[in-house]
$ cat run-v4.cif   # mmCIF, C-alpha atoms and all ligand atoms
data_target
loop_
_atom_site.label_atom_id
_atom_site.label_comp_id
_atom_site.auth_asym_id
_atom_site.auth_seq_id
_atom_site.Cartn_x
_atom_site.Cartn_y
_atom_site.Cartn_z
CA MET A 1 -13.12 -17.38 9.23
CA ARG A 2 -11.67 -14.45 7.30
CA LYS A 3 -9.86 -11.75 9.17
CA ALA A 4 -11.31 -8.23 8.96
CA LEU A 5 -8.89 -5.52 7.96
CA VAL A 6 -9.07 -1.73 7.84
CA ALA A 7 -6.22 0.05 6.08
CA GLY A 8 -5.76 3.81 6.09
CA ASN A 9 -4.15 5.15 2.93
CA TRP A 10 -2.94 8.63 3.75
CA LYS A 11 -2.01 9.25 0.08
CA MET A 12 0.11 12.44 -0.18
CA HIS A 13 -0.88 13.92 3.18
CA GLY A 14 1.00 14.46 6.42
CA ARG A 15 3.70 16.43 8.19
CA ILE A 16 5.87 15.29 11.10
CA GLU A 17 3.97 17.17 13.80
CA GLN A 18 0.55 16.48 12.34
CA ASN A 19 1.35 12.74 11.97
CA LYS A 20 2.28 12.52 15.63
CA LEU A 21 -0.97 14.18 16.74
CA LEU A 22 -3.01 11.91 14.46
CA LEU A 23 -1.28 8.75 15.69
CA ASP A 24 -1.47 9.77 19.36
CA GLY A 25 -5.23 10.30 19.01
CA LEU A 26 -5.69 7.16 16.98
CA LEU A 27 -3.79 4.82 19.29
CA THR A 28 -5.72 6.14 22.30
CA GLN A 29 -9.07 5.78 20.57
CA LEU A 30 -8.32 2.36 19.09
CA SER A 31 -7.46 1.03 22.55
CA GLY A 32 -11.11 1.63 23.51
CA LEU A 33 -12.50 -0.60 20.75
CA PRO A 34 -14.21 -3.89 21.59
CA GLU A 35 -11.86 -6.86 21.50
CA ALA A 36 -12.11 -8.28 18.00
CA ASP A 37 -9.87 -10.08 15.60
CA ILE A 38 -9.22 -7.28 13.12
CA ASP A 39 -6.06 -5.91 11.56
CA VAL A 40 -5.55 -2.16 11.39
CA VAL A 41 -2.93 -0.85 8.96
CA ILE A 42 -1.61 2.67 8.39
CA CYS A 43 -0.04 3.49 5.00
CA PRO A 44 1.65 6.90 5.24
CA PRO A 45 3.73 8.49 2.48
CA LEU A 46 7.08 6.75 2.02
CA VAL A 47 9.06 9.58 3.66
CA TYR A 48 7.12 9.13 6.91
CA LEU A 49 7.28 5.33 7.15
CA ALA A 50 10.11 5.37 9.68
CA GLN A 51 8.36 8.00 11.81
CA ILE A 52 5.11 6.03 11.86
CA GLU A 53 6.94 2.79 12.53
CA ALA A 54 8.39 4.33 15.68
CA LEU A 55 5.02 5.76 16.75
CA ILE A 56 3.10 2.47 16.41
CA LYS A 57 5.78 0.28 17.99
CA GLY A 58 4.26 -1.90 20.69
CA SER A 59 0.71 -1.31 19.44
CA SER A 60 -1.45 -3.64 17.37
CA VAL A 61 -1.39 -1.29 14.38
CA ALA A 62 0.65 -2.51 11.41
CA LEU A 63 2.66 -0.47 8.93
CA GLY A 64 1.83 -0.41 5.23
CA SER A 65 3.39 1.23 2.18
CA GLN A 66 1.42 2.89 -0.60
CA ASP A 67 3.59 1.32 -3.28
CA VAL A 68 6.62 -0.89 -3.88
CA SER A 69 9.18 -0.88 -6.65
CA ARG A 70 8.80 -3.28 -9.54
CA PHE A 71 12.59 -3.71 -9.34
CA SER A 72 13.67 -6.34 -6.88
CA SER A 73 17.44 -5.88 -6.83
CA ASP A 74 19.43 -2.90 -5.61
CA GLY A 75 20.67 -0.77 -8.48
CA ALA A 76 20.34 2.37 -10.54
CA HIS A 77 16.61 2.98 -10.06
CA THR A 78 16.29 6.59 -8.96
CA GLY A 79 13.33 7.26 -6.71
CA GLU A 80 12.48 3.59 -6.17
CA SER A 81 12.15 1.65 -2.90
CA SER A 82 12.30 -2.13 -3.06
CA ALA A 83 10.22 -4.65 -1.16
CA GLU A 84 13.38 -5.62 0.71
CA MET A 85 13.88 -2.01 1.85
CA LEU A 86 10.27 -1.75 2.97
CA ALA A 87 10.51 -5.01 4.89
CA ASP A 88 13.77 -3.77 6.45
CA LEU A 89 11.83 -0.78 7.80
CA GLY A 90 9.10 -2.92 9.40
CA VAL A 91 6.47 -2.60 6.65
CA ARG A 92 4.04 -5.54 6.56
CA TYR A 93 1.47 -4.53 3.92
CA VAL A 94 1.87 -2.94 0.49
CA ILE A 95 -0.86 -1.32 -1.58
CA VAL A 96 -0.36 -2.38 -5.18
CA GLY A 97 -2.10 -1.14 -8.31
CA HIS A 98 -4.06 1.68 -6.72
CA SER A 99 -6.06 3.47 -9.42
CA GLU A 100 -4.09 6.67 -8.74
CA ARG A 101 -0.85 4.80 -9.53
CA ARG A 102 -2.44 3.29 -12.62
CA SER A 103 -3.73 6.65 -13.92
CA GLU A 104 -1.00 9.06 -12.77
CA HIS A 105 1.98 6.75 -13.39
CA ASP A 106 0.61 4.65 -16.25
CA GLU A 107 1.06 1.54 -14.15
CA THR A 108 0.15 -1.54 -16.18
CA ASP A 109 -1.30 -4.88 -15.09
CA ASP A 110 2.11 -6.47 -15.81
CA GLN A 111 3.85 -4.01 -13.51
CA VAL A 112 1.21 -4.61 -10.85
CA ALA A 113 1.86 -8.36 -11.17
CA THR A 114 5.61 -7.85 -10.73
CA LYS A 115 5.05 -5.70 -7.65
CA VAL A 116 2.78 -8.37 -6.15
CA VAL A 117 5.48 -11.00 -6.69
CA ASN A 118 8.16 -8.74 -5.19
CA ALA A 119 6.02 -8.04 -2.13
CA LEU A 120 5.18 -11.71 -1.58
CA ALA A 121 8.85 -12.69 -1.89
CA LEU A 122 9.60 -10.53 1.14
CA GLU A 123 6.60 -11.82 3.14
CA LEU A 124 4.75 -8.52 2.70
CA THR A 125 0.99 -8.74 2.21
CA PRO A 126 -0.04 -7.09 -1.06
CA ILE A 127 -3.33 -5.18 -1.02
CA VAL A 128 -4.15 -5.46 -4.72
CA CYS A 129 -6.53 -2.74 -5.94
CA VAL A 130 -9.02 -3.20 -8.75
CA GLY A 131 -11.93 -1.09 -9.89
CA GLU A 132 -13.78 0.35 -12.84
CA THR A 133 -14.24 3.94 -13.99
CA LEU A 134 -17.68 5.51 -14.29
CA GLU A 135 -17.60 5.16 -18.09
CA GLN A 136 -16.80 1.48 -17.77
CA ARG A 137 -19.65 0.97 -15.29
CA GLU A 138 -22.08 2.82 -17.52
CA ALA A 139 -20.94 0.72 -20.48
CA ASP A 140 -21.68 -2.42 -18.45
CA GLN A 141 -18.01 -3.44 -18.43
CA VAL A 142 -17.49 -3.94 -14.69
CA ALA A 143 -16.98 -7.71 -14.84
CA ASP A 144 -14.63 -7.42 -17.85
CA VAL A 145 -12.50 -4.75 -16.20
CA ILE A 146 -12.26 -6.51 -12.84
CA SER A 147 -11.42 -9.87 -14.39
CA ARG A 148 -8.81 -8.30 -16.68
CA GLN A 149 -7.14 -6.55 -13.74
CA LEU A 150 -7.24 -9.69 -11.60
CA LYS A 151 -5.97 -11.86 -14.44
CA GLY A 152 -3.10 -9.44 -15.04
CA ALA A 153 -2.15 -9.13 -11.41
CA ILE A 154 -2.62 -12.51 -9.79
CA SER A 155 -3.54 -15.35 -12.14
CA SER A 156 0.06 -16.54 -12.54
CA LEU A 157 0.66 -16.82 -8.80
CA ARG A 158 1.00 -20.18 -7.14
CA ARG A 159 -1.89 -21.11 -4.86
CA SER A 160 0.34 -20.75 -1.80
CA GLU A 161 1.07 -17.17 -2.87
CA ALA A 162 -2.48 -16.24 -3.85
CA GLU A 163 -3.85 -17.25 -0.46
CA ARG A 164 -1.73 -14.50 1.12
CA LEU A 165 -3.33 -11.71 -0.91
CA VAL A 166 -5.74 -9.02 0.17
CA ILE A 167 -7.84 -7.60 -2.67
CA ALA A 168 -9.46 -4.16 -2.54
CA TYR A 169 -12.36 -3.28 -4.79
CA GLU A 170 -12.25 0.47 -5.34
CA PRO A 171 -14.62 1.83 -7.98
CA VAL A 172 -12.68 4.78 -9.39
CA TRP A 173 -15.81 6.94 -9.44
CA ALA A 174 -16.21 6.50 -5.68
CA ILE A 175 -12.67 7.48 -4.68
CA GLY A 176 -12.53 10.83 -2.94
CA THR A 177 -15.83 11.87 -4.49
CA GLY A 178 -18.22 11.31 -1.60
CA LYS A 179 -20.15 8.93 -3.90
CA THR A 180 -19.96 5.54 -2.24
CA ALA A 181 -21.01 2.42 -4.09
CA THR A 182 -24.25 1.15 -2.59
CA PRO A 183 -23.74 -1.87 -0.34
CA GLU A 184 -25.48 -3.95 -3.04
CA GLN A 185 -23.19 -2.66 -5.82
CA ALA A 186 -20.11 -3.30 -3.69
CA GLN A 187 -21.30 -6.75 -2.61
CA GLU A 188 -22.03 -7.73 -6.21
CA VAL A 189 -18.45 -7.00 -7.28
CA HIS A 190 -16.97 -8.63 -4.18
CA ALA A 191 -18.96 -11.78 -4.91
CA PHE A 192 -17.68 -11.61 -8.50
CA ILE A 193 -14.08 -11.38 -7.22
CA ARG A 194 -14.63 -14.48 -5.08
CA GLN A 195 -16.06 -16.34 -8.08
CA TYR A 196 -13.03 -15.31 -10.10
CA LEU A 197 -10.69 -16.62 -7.38
CA THR A 198 -12.64 -19.88 -7.30
CA SER A 199 -12.33 -20.26 -11.07
CA VAL A 200 -8.56 -19.66 -11.08
CA PHE A 201 -7.72 -21.38 -7.79
CA ASP A 202 -10.47 -23.05 -5.75
CA GLU A 203 -13.39 -22.39 -3.43
CA GLU A 204 -11.39 -22.88 -0.26
CA LEU A 205 -8.86 -20.26 -1.32
CA SER A 206 -11.54 -17.87 -2.50
CA GLN A 207 -13.40 -18.10 0.79
CA GLY A 208 -10.22 -17.39 2.73
CA VAL A 209 -9.03 -14.23 0.95
CA THR A 210 -9.79 -10.92 2.68
CA LEU A 211 -11.64 -8.52 0.37
CA LEU A 212 -11.82 -4.80 1.13
CA TYR A 213 -14.07 -2.09 -0.22
CA GLY A 214 -12.64 1.38 -0.83
CA GLY A 215 -14.22 4.60 -2.06
CA SER A 216 -15.61 7.33 0.20
CA VAL A 217 -16.00 5.04 3.22
CA ASN A 218 -16.78 7.05 6.35
CA SER A 219 -18.14 6.56 9.85
CA THR A 220 -21.73 6.75 8.55
CA ASN A 221 -21.62 4.18 5.75
CA ALA A 222 -18.95 1.75 7.05
CA ALA A 223 -21.24 -0.51 9.09
CA VAL A 224 -23.66 -1.26 6.28
CA LEU A 225 -20.83 -1.94 3.84
CA PHE A 226 -19.01 -4.25 6.26
CA GLU A 227 -22.24 -6.15 6.95
CA GLN A 228 -22.18 -7.45 3.38
CA VAL A 229 -21.25 -11.09 3.28
CA ASP A 230 -18.19 -10.72 1.02
CA ILE A 231 -16.85 -7.41 2.36
CA ASP A 232 -14.24 -7.95 5.07
CA GLY A 233 -13.16 -4.39 5.71
CA GLY A 234 -12.07 -1.21 3.99
CA LEU A 235 -9.26 0.68 2.30
CA ILE A 236 -9.83 4.17 3.60
CA GLY A 237 -8.49 7.39 2.09
CA GLY A 238 -9.79 10.76 3.32
CA ALA A 239 -11.41 9.42 6.49
CA SER A 240 -8.12 7.86 7.63
CA LEU A 241 -6.75 11.37 8.22
CA LYS A 242 -9.13 11.98 11.13
CA SER A 243 -8.62 9.80 14.19
CA ASP A 244 -12.27 9.81 15.29
CA GLU A 245 -13.55 8.93 11.79
CA PHE A 246 -10.97 6.21 11.27
CA THR A 247 -11.60 4.75 14.71
CA ALA A 248 -15.35 4.69 14.03
CA ILE A 249 -14.68 2.77 10.81
CA CYS A 250 -12.46 0.30 12.70
CA ARG A 251 -15.23 -0.04 15.29
CA ALA A 252 -17.71 -0.89 12.54
CA ALA A 253 -15.32 -3.60 11.26
CA ALA A 254 -14.82 -4.95 14.78
CA LEU A 255 -18.58 -5.10 15.44
CA SER A 256 -19.24 -6.77 12.12
CA THR A 257 -16.65 -9.42 13.06
CA ILE A 258 -18.17 -9.89 16.52
CA ASN A 259 -21.70 -10.13 15.12
CA GLY A 260 -20.57 -12.56 12.40
O1 LIG B 1 -7.00 4.11 -0.95
C1 LIG B 1 -8.07 4.61 -0.62
C2 LIG B 1 -9.10 4.86 -1.58
O2 LIG B 1 -8.60 5.38 -2.77
C3 LIG B 1 -10.33 5.54 -1.08
O3 LIG B 1 -10.12 6.92 -0.90
P1 LIG B 1 -11.31 7.77 -0.22
O4 LIG B 1 -11.71 7.05 1.02
O5 LIG B 1 -10.72 9.11 0.03
O6 LIG B 1 -12.43 7.79 -1.22
#

$ encode --input "run-v4.cif" --output "structure tokens" --more "lines below"
Ligand SMILES: O=C[C@H](O)COP(=O)(O)O
Amino acid sequence: MRKALVAGNWKMHGRIEQNKLLLDGLLTQLSGLPEADIDVVICPPLVYLAQIEALIKGSSVALGSQDVSRFSSDGAHTGESSAEMLADLGVRYVIVGHSERRSEHDETDDQVATKVVNALALELTPIVCVGETLEQREADQVADVISRQLKGAISSLRRSEAERLVIAYEPVWAIGTGKTATPEQAQEVHAFIRQYLTSVFDEELSQGVTLLYGGSVNSTNAAVLFEQVDIDGGLIGGASLKSDEFTAICRAAALSTING
């Protein structure tokens, strides 16, 4: 059975005091969730990783980074943080290829692929993001875009590496807009991603990879999204900044795991 996962991507939000209040509330609320086999990950801005690592110590919440350098060796790379540095700090998950990195930093599929390899080499779990823009959806290019992004990012991995991936489908038009994909739209793309994994690797691998949906997930729509057969959890932006919202989303993931 696949493990459910809910990851909170704080993006460029947070301050030391505010982070502490958010985490205090979150850890208290999460401890009241039904027992279920789900992973909860918090991805704060890089500068707060050490603070959050200290706050979550001893809890079941894992630490994630919003990015990783494409450079793997120490050197003259101003502003970069390597997978080895992230692992050194206690990071276990790394978001790779988020659409905001692709659009604001011109990140290419090749760079995404290198980051995935760097993360895997340090035993970090890459959360590889894919998703189409509204124009691409309206031009009926969803399958082309998703397969191109997946091909670029993961098709050259060995099977033993690919089975350690998490893939997040985030339609760009649904990110931070309040416009969630319908459960049917999201499920259709998730099923497509599984088919793609089957075609490159095999059915067993494809059925084992955790797939997340991201894009305006909140406490109201989470349950119906997570009920979809190929959606195993969420990559949560705005709603991860409120402990009650994020806990409700984690609850929805836990219940969907318990109810099968
Ligand atoms: O990484 C998270 C996603 O970009 C979703 O963000 P959002 O929940 O604010 O729409």

$ closest_residue --input "run-v4.cif" --among "A:Leu134, A:Val112, A:Leu33, A:Leu46" --to "Gly14 in chain A" --atoms "only C-alpha atoms"
A:Leu46

$ residues_near_ligand --input "run-v4.cif" --ligand "ligand LIG 1 (chain B)" --cutoff "9 Å" --atoms "all atoms listed in the file" --output "ChimeraX atom specification"
/A:7-11,66,95,98-100,129,168,170-180,213-218,234-240

$ write_last_selection --input "run-v4.cif" --atoms "C-alpha atoms" --output "mmCIF file, in the frame of the given file"
data_model
loop_
_atom_site.group_PDB
_atom_site.id
_atom_site.type_symbol
_atom_site.label_atom_id
_atom_site.label_comp_id
_atom_site.auth_asym_id
_atom_site.auth_seq_id
_atom_site.Cartn_x
_atom_site.Cartn_y
_atom_site.Cartn_z
ATOM 1 C CA ALA A 7 -6.220 0.050 6.080
ATOM 2 C CA GLY A 8 -5.760 3.810 6.090
ATOM 3 C CA ASN A 9 -4.150 5.150 2.930
ATOM 4 C CA TRP A 10 -2.940 8.630 3.750
ATOM 5 C CA LYS A 11 -2.010 9.250 0.080
ATOM 6 C CA GLN A 66 1.420 2.890 -0.600
ATOM 7 C CA ILE A 95 -0.860 -1.320 -1.580
ATOM 8 C CA HIS A 98 -4.060 1.680 -6.720
ATOM 9 C CA SER A 99 -6.060 3.470 -9.420
ATOM 10 C CA GLU A 100 -4.090 6.670 -8.740
ATOM 11 C CA CYS A 129 -6.530 -2.740 -5.940
ATOM 12 C CA ALA A 168 -9.460 -4.160 -2.540
ATOM 13 C CA GLU A 170 -12.250 0.470 -5.340
ATOM 14 C CA PRO A 171 -14.620 1.830 -7.980
ATOM 15 C CA VAL A 172 -12.680 4.780 -9.390
ATOM 16 C CA TRP A 173 -15.810 6.940 -9.440
ATOM 17 C CA ALA A 174 -16.210 6.500 -5.680
ATOM 18 C CA ILE A 175 -12.670 7.480 -4.680
ATOM 19 C CA GLY A 176 -12.530 10.830 -2.940
ATOM 20 C CA THR A 177 -15.830 11.870 -4.490
ATOM 21 C CA GLY A 178 -18.220 11.310 -1.600
ATOM 22 C CA LYS A 179 -20.150 8.930 -3.900
ATOM 23 C CA THR A 180 -19.960 5.540 -2.240
ATOM 24 C CA TYR A 213 -14.070 -2.090 -0.220
ATOM 25 C CA GLY A 214 -12.640 1.380 -0.830
ATOM 26 C CA GLY A 215 -14.220 4.600 -2.060
ATOM 27 C CA SER A 216 -15.610 7.330 0.200
ATOM 28 C CA VAL A 217 -16.000 5.040 3.220
ATOM 29 C CA ASN A 218 -16.780 7.050 6.350
ATOM 30 C CA GLY A 234 -12.070 -1.210 3.990
ATOM 31 C CA LEU A 235 -9.260 0.680 2.300
ATOM 32 C CA ILE A 236 -9.830 4.170 3.600
ATOM 33 C CA GLY A 237 -8.490 7.390 2.090
ATOM 34 C CA GLY A 238 -9.790 10.760 3.320
ATOM 35 C CA ALA A 239 -11.410 9.420 6.490
ATOM 36 C CA SER A 240 -8.120 7.860 7.630
#

$ residues_near_point --input "run-v4.cif" --point "(-3.8, 13.3, 14.2)" --cutoff "12 Å" --atoms "only C-alpha atoms" --output "ChimeraX atom specification"
/A:10,13-29,52,55,239-247

$ residues_near_point --input "run-v4.cif" --point "(-15.0, -3.4, 12.5)" --cutoff "10 Å" --atoms "all atoms listed in the file" --output "short mmCIF file (atom, residue, chain, number, x, y, z; two decimals) with C-alpha atoms, in the coordinates of the input"
data_model
loop_
_atom_site.label_atom_id
_atom_site.label_comp_id
_atom_site.auth_asym_id
_atom_site.auth_seq_id
_atom_site.Cartn_x
_atom_site.Cartn_y
_atom_site.Cartn_z
CA ALA A 4 -11.31 -8.23 8.96
CA LEU A 5 -8.89 -5.52 7.96
CA VAL A 6 -9.07 -1.73 7.84
CA LEU A 33 -12.50 -0.60 20.75
CA PRO A 34 -14.21 -3.89 21.59
CA ALA A 36 -12.11 -8.28 18.00
CA ASP A 37 -9.87 -10.08 15.60
CA ILE A 38 -9.22 -7.28 13.12
CA ASP A 39 -6.06 -5.91 11.56
CA VAL A 40 -5.55 -2.16 11.39
CA ALA A 222 -18.95 1.75 7.05
CA ALA A 223 -21.24 -0.51 9.09
CA PHE A 226 -19.01 -4.25 6.26
CA GLU A 227 -22.24 -6.15 6.95
CA ASP A 232 -14.24 -7.95 5.07
CA GLY A 233 -13.16 -4.39 5.71
CA GLY A 234 -12.07 -1.21 3.99
CA THR A 247 -11.60 4.75 14.71
CA ALA A 248 -15.35 4.69 14.03
CA ILE A 249 -14.68 2.77 10.81
CA CYS A 250 -12.46 0.30 12.70
CA ARG A 251 -15.23 -0.04 15.29
CA ALA A 252 -17.71 -0.89 12.54
CA ALA A 253 -15.32 -3.60 11.26
CA ALA A 254 -14.82 -4.95 14.78
CA LEU A 255 -18.58 -5.10 15.44
CA SER A 256 -19.24 -6.77 12.12
CA THR A 257 -16.65 -9.42 13.06
CA ILE A 258 -18.17 -9.89 16.52
CA ASN A 259 -21.70 -10.13 15.12
#

$ atom_distance --input "run-v4.cif" --atom1 "CA of Val47 in chain A" --atom2 "CA of Ser219 in chain A"
28.1 Å

$ closest_residue --input "run-v4.cif" --among "A:Ser31, A:Thr114, A:Ser82, A:Ser155" --to "Ser199 in chain A" --atoms "all atoms listed in the file"
A:Ser155

$ residues_around --input "run-v4.cif" --residues "Thr198 in chain A" --least-positions-apart "5" --cutoff "12 Å" --atoms "all atoms listed in the file" --output "PyMOL selection string"
chain A and resi 155+159+162-163+191-193+203-209

$ residues_around --input "run-v4.cif" --residues "range 144-151 of chain A" --least-positions-apart "6" --cutoff "7 Å" --atoms "only C-alpha atoms" --output "list of chain:residue names"
A:Asp109, A:Val130, A:Gly131, A:Glu132

$ closest_atom_pairs --input "run-v4.cif" --of "range 48-91 of chain A" --to "range 120-126 of chain A" --cutoff "10 Å" --atoms "all atoms listed in the file" --output "JSON lines"
{"residue": "A:Gly64", "atom": "CA", "partner": "A:Thr125", "partner_atom": "CA", "distance": 8.9}
{"residue": "A:Ser65", "atom": "CA", "partner": "A:Pro126", "partner_atom": "CA", "distance": 9.6}
{"residue": "A:Asp67", "atom": "CA", "partner": "A:Pro126", "partner_atom": "CA", "distance": 9.4}
{"residue": "A:Val68", "atom": "CA", "partner": "A:Pro126", "partner_atom": "CA", "distance": 9.5}
{"residue": "A:Ser72", "atom": "CA", "partner": "A:Ala121", "partner_atom": "CA", "distance": 9.4}
{"residue": "A:Ser82", "atom": "CA", "partner": "A:Leu122", "partner_atom": "CA", "distance": 9.8}
{"residue": "A:Ala83", "atom": "CA", "partner": "A:Leu122", "partner_atom": "CA", "distance": 6.3}
{"residue": "A:Glu84", "atom": "CA", "partner": "A:Leu122", "partner_atom": "CA", "distance": 6.2}
{"residue": "A:Met85", "atom": "CA", "partner": "A:Leu122", "partner_atom": "CA", "distance": 9.6}
{"residue": "A:Leu86", "atom": "CA", "partner": "A:Leu124", "partner_atom": "CA", "distance": 8.7}
{"residue": "A:Ala87", "atom": "CA", "partner": "A:Leu122", "partner_atom": "CA", "distance": 6.7}
{"residue": "A:Asp88", "atom": "CA", "partner": "A:Leu122", "partner_atom": "CA", "distance": 9.6}
{"residue": "A:Gly90", "atom": "CA", "partner": "A:Leu124", "partner_atom": "CA", "distance": 9.8}
{"residue": "A:Val91", "atom": "CA", "partner": "A:Leu124", "partner_atom": "CA", "distance": 7.3}

$ closest_residue --input "run-v4.cif" --among "A:Ile127, A:Leu211, A:Leu63, A:Ala76" --to "Pro45 in chain A" --atoms "only C-alpha atoms"
A:Leu63

$ atom_distance --input "run-v4.cif" --atom1 "CA of Asp106 in chain A" --atom2 "CA of Asp74 in chain A"
22.9 Å

$ atom_distance --input "run-v4.cif" --atom1 "CA of Ala139 in chain A" --atom2 "CA of Val96 in chain A"
25.8 Å

$ decode --input "run-v4.cif" --residues "range 40-61 of chain A" --atoms "N, CA and C atoms" --output "PDB file, in the first residue's frame"
ATOM      1  N   VAL A  40       3.979  13.619   7.334  1.00  0.00           N
ATOM      2  CA  VAL A  40       3.716  15.060   7.293  1.00  0.00           C
ATOM      3  C   VAL A  40       5.077  15.757   7.196  1.00  0.00           C
ATOM      4  N   VAL A  41       5.187  16.651   6.236  1.00  0.00           N
ATOM      5  CA  VAL A  41       6.474  17.310   5.965  1.00  0.00           C
ATOM      6  C   VAL A  41       6.255  18.825   5.980  1.00  0.00           C
ATOM      7  N   ILE A  42       7.189  19.541   6.569  1.00  0.00           N
ATOM      8  CA  ILE A  42       7.152  21.011   6.535  1.00  0.00           C
ATOM      9  C   ILE A  42       8.376  21.509   5.761  1.00  0.00           C
ATOM     10  N   CYS A  43       8.121  22.343   4.755  1.00  0.00           N
ATOM     11  CA  CYS A  43       9.203  22.899   3.924  1.00  0.00           C
ATOM     12  C   CYS A  43       9.243  24.415   4.110  1.00  0.00           C
ATOM     13  N   PRO A  44       9.993  24.886   5.094  1.00  0.00           N
ATOM     14  CA  PRO A  44      10.087  26.335   5.324  1.00  0.00           C
ATOM     15  C   PRO A  44      11.132  26.933   4.380  1.00  0.00           C
ATOM     16  N   PRO A  45      11.244  28.263   4.348  1.00  0.00           N
ATOM     17  CA  PRO A  45      12.348  28.868   3.606  1.00  0.00           C
ATOM     18  C   PRO A  45      13.684  28.359   4.165  1.00  0.00           C
ATOM     19  N   LEU A  46      14.666  28.320   3.301  1.00  0.00           N
ATOM     20  CA  LEU A  46      15.989  27.806   3.659  1.00  0.00           C
ATOM     21  C   LEU A  46      16.537  28.390   4.968  1.00  0.00           C
ATOM     22  N   VAL A  47      16.366  29.710   5.144  1.00  0.00           N
ATOM     23  CA  VAL A  47      16.968  30.363   6.325  1.00  0.00           C
ATOM     24  C   VAL A  47      16.344  29.888   7.635  1.00  0.00           C
ATOM     25  N   TYR A  48      15.169  29.269   7.559  1.00  0.00           N
ATOM     26  CA  TYR A  48      14.510  28.810   8.793  1.00  0.00           C
ATOM     27  C   TYR A  48      14.597  27.295   8.990  1.00  0.00           C
ATOM     28  N   LEU A  49      15.312  26.606   8.104  1.00  0.00           N
ATOM     29  CA  LEU A  49      15.375  25.144   8.225  1.00  0.00           C
ATOM     30  C   LEU A  49      15.886  24.708   9.602  1.00  0.00           C
ATOM     31  N   ALA A  50      16.947  25.364  10.070  1.00  0.00           N
ATOM     32  CA  ALA A  50      17.534  24.933  11.344  1.00  0.00           C
ATOM     33  C   ALA A  50      16.560  25.199  12.495  1.00  0.00           C
ATOM     34  N   GLN A  51      15.855  26.337  12.423  1.00  0.00           N
ATOM     35  CA  GLN A  51      14.870  26.640  13.472  1.00  0.00           C
ATOM     36  C   GLN A  51      13.776  25.576  13.495  1.00  0.00           C
ATOM     37  N   ILE A  52      13.262  25.244  12.314  1.00  0.00           N
ATOM     38  CA  ILE A  52      12.155  24.280  12.257  1.00  0.00           C
ATOM     39  C   ILE A  52      12.637  22.883  12.654  1.00  0.00           C
ATOM     40  N   GLU A  53      13.862  22.577  12.272  1.00  0.00           N
ATOM     41  CA  GLU A  53      14.415  21.267  12.648  1.00  0.00           C
ATOM     42  C   GLU A  53      14.407  21.121  14.175  1.00  0.00           C
ATOM     43  N   ALA A  54      14.793  22.190  14.858  1.00  0.00           N
ATOM     44  CA  ALA A  54      14.818  22.130  16.328  1.00  0.00           C
ATOM     45  C   ALA A  54      13.398  22.029  16.894  1.00  0.00           C
ATOM     46  N   LEU A  55      12.455  22.737  16.268  1.00  0.00           N
ATOM     47  CA  LEU A  55      11.077  22.734  16.785  1.00  0.00           C
ATOM     48  C   LEU A  55      10.379  21.383  16.593  1.00  0.00           C
ATOM     49  N   ILE A  56      10.696  20.672  15.521  1.00  0.00           N
ATOM     50  CA  ILE A  56       9.974  19.409  15.253  1.00  0.00           C
ATOM     51  C   ILE A  56      10.704  18.193  15.828  1.00  0.00           C
ATOM     52  N   LYS A  57      11.861  18.415  16.398  1.00  0.00           N
ATOM     53  CA  LYS A  57      12.642  17.290  16.945  1.00  0.00           C
ATOM     54  C   LYS A  57      11.779  16.460  17.901  1.00  0.00           C
ATOM     55  N   GLY A  58      11.822  15.160  17.732  1.00  0.00           N
ATOM     56  CA  GLY A  58      11.056  14.287  18.622  1.00  0.00           C
ATOM     57  C   GLY A  58       9.614  14.098  18.189  1.00  0.00           C
ATOM     58  N   SER A  59       9.175  14.840  17.162  1.00  0.00           N
ATOM     59  CA  SER A  59       7.800  14.668  16.668  1.00  0.00           C
ATOM     60  C   SER A  59       7.843  13.786  15.418  1.00  0.00           C
ATOM     61  N   SER A  60       6.667  13.508  14.869  1.00  0.00           N
ATOM     62  CA  SER A  60       6.651  12.668  13.658  1.00  0.00           C
ATOM     63  C   SER A  60       6.715  13.518  12.388  1.00  0.00           C
ATOM     64  N   VAL A  61       6.823  14.820  12.544  1.00  0.00           N
ATOM     65  CA  VAL A  61       6.879  15.701  11.363  1.00  0.00           C
ATOM     66  C   VAL A  61       8.303  15.697  10.800  1.00  0.00           C
TER      67      VAL A  61
END
